[in-house]
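What follows is the content of work.tsv (TSV, C-alpha atoms).
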```tsv
chain	number	residue	atom	x	y	z
A	19	MET	CA	-11.37	36.77	-5.18
A	20	THR	CA	-8.07	37.34	-3.35
A	21	HIS	CA	-4.85	35.69	-4.47
A	22	SER	CA	-1.52	35.44	-2.74
A	23	PRO	CA	1.38	37.00	-4.64
A	24	THR	CA	2.68	33.57	-5.70
A	25	GLN	CA	-0.71	32.16	-6.67
A	26	GLN	CA	-1.95	32.96	-10.15
A	27	PRO	CA	-5.69	33.19	-10.77
A	28	LEU	CA	-7.14	30.37	-12.83
A	29	SER	CA	-7.66	31.21	-16.47
A	30	SER	CA	-11.20	30.94	-17.83
A	31	GLN	CA	-10.10	27.81	-19.71
A	32	GLU	CA	-8.82	26.20	-16.48
A	33	GLN	CA	-12.03	27.11	-14.65
A	34	THR	CA	-14.28	25.51	-17.27
A	35	SER	CA	-12.08	22.80	-18.77
A	36	PRO	CA	-13.61	19.34	-18.88
A	37	MET	CA	-12.28	16.57	-16.69
A	38	LYS	CA	-9.00	15.15	-18.02
A	39	TYR	CA	-9.00	11.52	-19.21
A	40	GLY	CA	-6.73	10.43	-16.34
A	41	GLU	CA	-9.00	12.05	-13.77
A	42	ARG	CA	-11.99	10.31	-15.36
A	43	GLU	CA	-10.21	6.91	-15.29
A	44	ILE	CA	-9.32	7.40	-11.62
A	45	LEU	CA	-12.88	8.45	-10.77
A	46	GLU	CA	-14.39	5.48	-12.63
A	47	GLY	CA	-11.72	3.01	-11.55
A	48	LYS	CA	-12.34	-0.03	-9.41
A	49	LEU	CA	-10.29	-3.06	-8.50
A	50	ILE	CA	-10.65	-5.71	-11.14
A	51	THR	CA	-9.21	-9.20	-11.16
A	52	PHE	CA	-8.48	-12.09	-13.48
A	53	PRO	CA	-8.25	-15.85	-12.91
A	54	ASN	CA	-5.16	-17.09	-11.08
A	55	PRO	CA	-3.15	-19.06	-13.65
A	56	ARG	CA	-1.84	-21.42	-10.93
A	57	ILE	CA	-4.74	-22.18	-8.60
A	58	GLY	CA	-3.57	-24.58	-5.91
A	59	ARG	CA	0.05	-23.41	-5.97
A	60	ARG	CA	1.03	-21.13	-3.09
A	61	TYR	CA	3.10	-18.20	-4.29
A	62	ASP	CA	3.63	-14.62	-3.18
A	63	ILE	CA	2.85	-11.54	-5.22
A	64	ASN	CA	4.66	-8.39	-4.01
A	65	ILE	CA	3.52	-4.99	-5.21
A	66	THR	CA	5.07	-1.62	-4.33
A	67	LEU	CA	3.13	1.59	-4.90
A	68	PRO	CA	5.58	4.44	-4.10
A	69	GLU	CA	3.36	7.42	-4.97
A	70	PHE	CA	0.39	7.06	-2.60
A	71	THR	CA	-1.11	10.37	-1.46
A	72	CYS	CA	-4.10	11.37	0.61
A	73	LYS	CA	-4.99	14.36	2.79
A	74	CYS	CA	-4.93	14.62	6.57
A	75	PRO	CA	-8.55	14.77	7.76
A	76	PHE	CA	-7.58	17.25	10.49
A	77	SER	CA	-5.19	19.69	8.78
A	78	GLY	CA	-5.83	19.09	5.08
A	79	TYR	CA	-2.08	18.76	4.54
A	80	PRO	CA	-1.02	16.14	2.01
A	81	ASP	CA	0.32	12.82	3.25
A	82	PHE	CA	2.68	10.73	1.15
A	83	ALA	CA	3.40	7.03	1.52
A	84	THR	CA	4.69	3.93	-0.12
A	85	ILE	CA	2.11	1.17	-0.03
A	86	TYR	CA	3.41	-2.41	0.01
A	87	ILE	CA	1.05	-5.27	-0.83
A	88	THR	CA	2.13	-8.87	-0.37
A	89	TYR	CA	-0.43	-11.55	-1.04
A	90	VAL	CA	-0.96	-15.22	-1.77
A	91	PRO	CA	-3.70	-15.43	-4.40
A	92	ASP	CA	-6.49	-17.98	-4.29
A	93	GLU	CA	-8.71	-18.02	-7.38
A	94	ARG	CA	-8.25	-14.38	-8.47
A	95	VAL	CA	-5.31	-12.03	-9.07
A	96	VAL	CA	-5.61	-8.23	-9.02
A	97	GLU	CA	-4.99	-6.40	-12.30
A	98	LEU	CA	-2.16	-3.89	-11.86
A	99	LYS	CA	-3.48	-0.95	-13.89
A	100	ALA	CA	-6.77	-1.12	-12.01
A	101	LEU	CA	-4.83	-1.20	-8.73
A	102	LYS	CA	-2.86	1.88	-9.79
A	103	LEU	CA	-6.04	3.80	-10.59
A	104	TYR	CA	-7.66	2.66	-7.35
A	105	ILE	CA	-4.65	3.84	-5.30
A	106	ASN	CA	-4.66	7.18	-7.14
A	107	SER	CA	-8.29	7.69	-6.08
A	108	TYR	CA	-7.05	8.45	-2.55
A	109	ARG	CA	-5.15	11.60	-3.55
A	110	ASP	CA	-7.97	14.01	-2.73
A	111	ARG	CA	-9.54	12.04	0.13
A	112	TYR	CA	-9.40	13.33	3.69
A	113	ILE	CA	-8.47	10.10	5.45
A	114	SER	CA	-6.15	9.08	8.27
A	115	HIS	CA	-3.13	6.85	7.78
A	116	GLU	CA	-4.81	4.11	9.79
A	117	GLU	CA	-8.12	4.28	7.95
A	118	SER	CA	-6.54	4.44	4.49
A	119	VAL	CA	-4.46	1.29	4.97
A	120	ASN	CA	-7.38	-0.58	6.55
A	121	GLN	CA	-9.71	0.51	3.71
A	122	ILE	CA	-7.21	-0.65	1.09
A	123	LEU	CA	-7.11	-4.04	2.83
A	124	ASP	CA	-10.92	-4.29	2.95
A	125	ASP	CA	-11.29	-3.39	-0.73
A	126	PHE	CA	-8.45	-5.69	-1.79
A	127	VAL	CA	-9.95	-8.67	0.08
A	128	ALA	CA	-13.41	-7.92	-1.36
A	129	ALA	CA	-11.99	-7.81	-4.90
A	130	CYS	CA	-9.74	-10.89	-5.04
A	131	ASP	CA	-10.32	-12.89	-1.82
A	132	PRO	CA	-6.66	-13.92	-1.38
A	133	LEU	CA	-5.47	-16.72	0.87
A	134	GLU	CA	-3.34	-14.16	2.72
A	135	VAL	CA	-2.55	-10.50	2.31
A	136	THR	CA	-0.51	-7.89	4.14
A	137	ILE	CA	-0.87	-4.20	3.34
A	138	LYS	CA	1.77	-1.86	4.71
A	139	GLY	CA	1.65	1.92	4.47
A	140	ASP	CA	5.03	3.57	5.09
A	141	PHE	CA	4.15	7.26	5.43
A	142	SER	CA	6.73	9.98	4.86
A	143	PRO	CA	7.67	11.90	8.00
A	144	ARG	CA	5.71	15.06	8.67
A	145	GLY	CA	6.41	17.22	11.71
A	146	ASN	CA	9.17	14.81	12.81
A	147	VAL	CA	6.73	11.87	12.97
A	148	HIS	CA	7.14	8.76	10.82
A	149	THR	CA	4.23	6.33	10.73
A	150	VAL	CA	4.07	2.76	9.42
A	151	ILE	CA	0.70	1.00	9.41
A	152	GLU	CA	0.57	-2.74	8.65
A	153	VAL	CA	-2.63	-4.77	8.43
A	154	ARG	CA	-3.19	-8.43	7.60
A	155	HIS	CA	-5.91	-10.77	6.45
A	156	GLN	CA	-5.81	-14.55	6.29
A	157	LYS	CA	-8.54	-16.62	4.76
A	158	ASP	CA	-10.13	-19.09	7.11
A	159	ALA	CA	-8.83	-22.56	6.20
A	160	ALA	CA	-12.33	-24.04	6.53
A	161	ALA	CA	-13.75	-21.42	4.13
A	162	SER	CA	-11.27	-22.28	1.38
A	163	SER	CA	-11.93	-26.03	1.52
```

Let me see the structure of the file written as structure tokens.
Amino acid sequence: MTHSPTQQPLSSQEQTSPMKYGEREILEGKLITFPNPRIGRRYDINITLPEFTCKCPFSGYPDFATIYITYVPDERVVELKALKLYINSYRDRYISHEESVNQILDDFVAACDPLEVTIKGDFSPRGNVHTVIEVRHQKDAAASS
């Protein structure tokens, strides 16, 4: 095994250590919801997740973003700790900016079926390129009646 001068070899404990509890929670995590306490009242929920990471599917370089979620709940509201764990599950995924934001939208809609939701991924510049991806979903008025 060859190591660069700045890279230290893993100790035998690091090579065989069991999964950490946070890694296990992230791996097992899924979006969970609870009943909207004000069904019938239109209100916005704004969530900012400033530590989103994933990996470029082409280069393997890390990508960093702030994810903004704005939604109008219907019958269910997303639980924030579950959302945090779900977002952290992207950190080792090889996924494009476009696909990651669209997948977050799909999973969010599947979990809590909001009246409206906008997901925005504001990705940190890399190689002098700054990308912002914004996707929306609006529940069909006939479906919510």

Closest contacts (range 54-91 of chain A/range 136-142 of chain A, max 12 Å, all atoms listed in the file) as a Markdown table:
```
| residue | atom | partner | partner_atom | distance |
| --- | --- | --- | --- | --- |
| A:Asp62 | CA | A:Thr136 | CA | 10.8 |
| A:Ile63 | CA | A:Thr136 | CA | 10.6 |
| A:Asn64 | CA | A:Thr136 | CA | 9.7 |
| A:Ile65 | CA | A:Ile137 | CA | 9.6 |
| A:Thr66 | CA | A:Lys138 | CA | 9.6 |
| A:Leu67 | CA | A:Gly139 | CA | 9.5 |
| A:Pro68 | CA | A:Asp140 | CA | 9.2 |
| A:Glu69 | CA | A:Phe141 | CA | 10.4 |
| A:Phe70 | CA | A:Gly139 | CA | 8.8 |
| A:Thr71 | CA | A:Phe141 | CA | 9.2 |
| A:Cys72 | CA | A:Phe141 | CA | 10.4 |
| A:Lys73 | CA | A:Phe141 | CA | 11.9 |
| A:Cys74 | CA | A:Phe141 | CA | 11.7 |
| A:Pro80 | CA | A:Ser142 | CA | 10.3 |
| A:Asp81 | CA | A:Phe141 | CA | 7.1 |
| A:Phe82 | CA | A:Ser142 | CA | 5.5 |
| A:Ala83 | CA | A:Phe141 | CA | 4.0 |
| A:Thr84 | CA | A:Asp140 | CA | 5.2 |
| A:Ile85 | CA | A:Gly139 | CA | 4.6 |
| A:Tyr86 | CA | A:Lys138 | CA | 5.0 |
| A:Ile87 | CA | A:Ile137 | CA | 4.7 |
| A:Thr88 | CA | A:Thr136 | CA | 5.3 |
| A:Tyr89 | CA | A:Thr136 | CA | 6.3 |
| A:Val90 | CA | A:Thr136 | CA | 9.4 |
| A:Pro91 | CA | A:Thr136 | CA | 11.8 |
```

Using all atoms listed in the file, which of the listed residues (A:Val96, A:Arg111, A:Glu134, A:Phe76) sits closest to Arg60 in chain A?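 The closest residue to Arg60 in chain A is A:Glu134.
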
Can you work out which one of A:Ser107, A:Glu93, A:Val150, A:Pro132 has the shortest atom-to-atom distance to Val119 in chain A, counting only C-alpha atoms?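 Closest candidate: A:Val150.
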
Do you have the CA of Pro53 in chain A-CA of Arg154 in chain A distance handy? 22.4 Å

Give me, please, the distance in Å between CA of Gly78 in chain A and CA of His155 in chain A, quoted to one decimal.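 Going from CA of Gly78 in chain A over to CA of His155 in chain A covers 29.9 Å.
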
Atomic separation - CA of Gly40 in chain A relative to CA of Gln121 in chain A, Å: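 Rounded to one decimal, the two atoms are 22.6 Å apart.
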
Shortest contact to Glu46 in chain A, candidates A:Ile122, A:Gly145, A:Asp158, A:Ala100, atoms counted all atoms listed in the file, goes to A:Ala100

For Pro55 in chain A, which of A:Glu43, A:Asp110, A:Asp92, A:Glu116 is the closest residue, counting all atoms listed in the file? A:Asp92

Taking into account all atoms listed in the file, which residue in the set A:Arg42, A:Arg109, A:His115, A:Lys102 is nearest to Pro143 in chain A?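 Closest to Pro143 in chain A of all the choices is A:His115.
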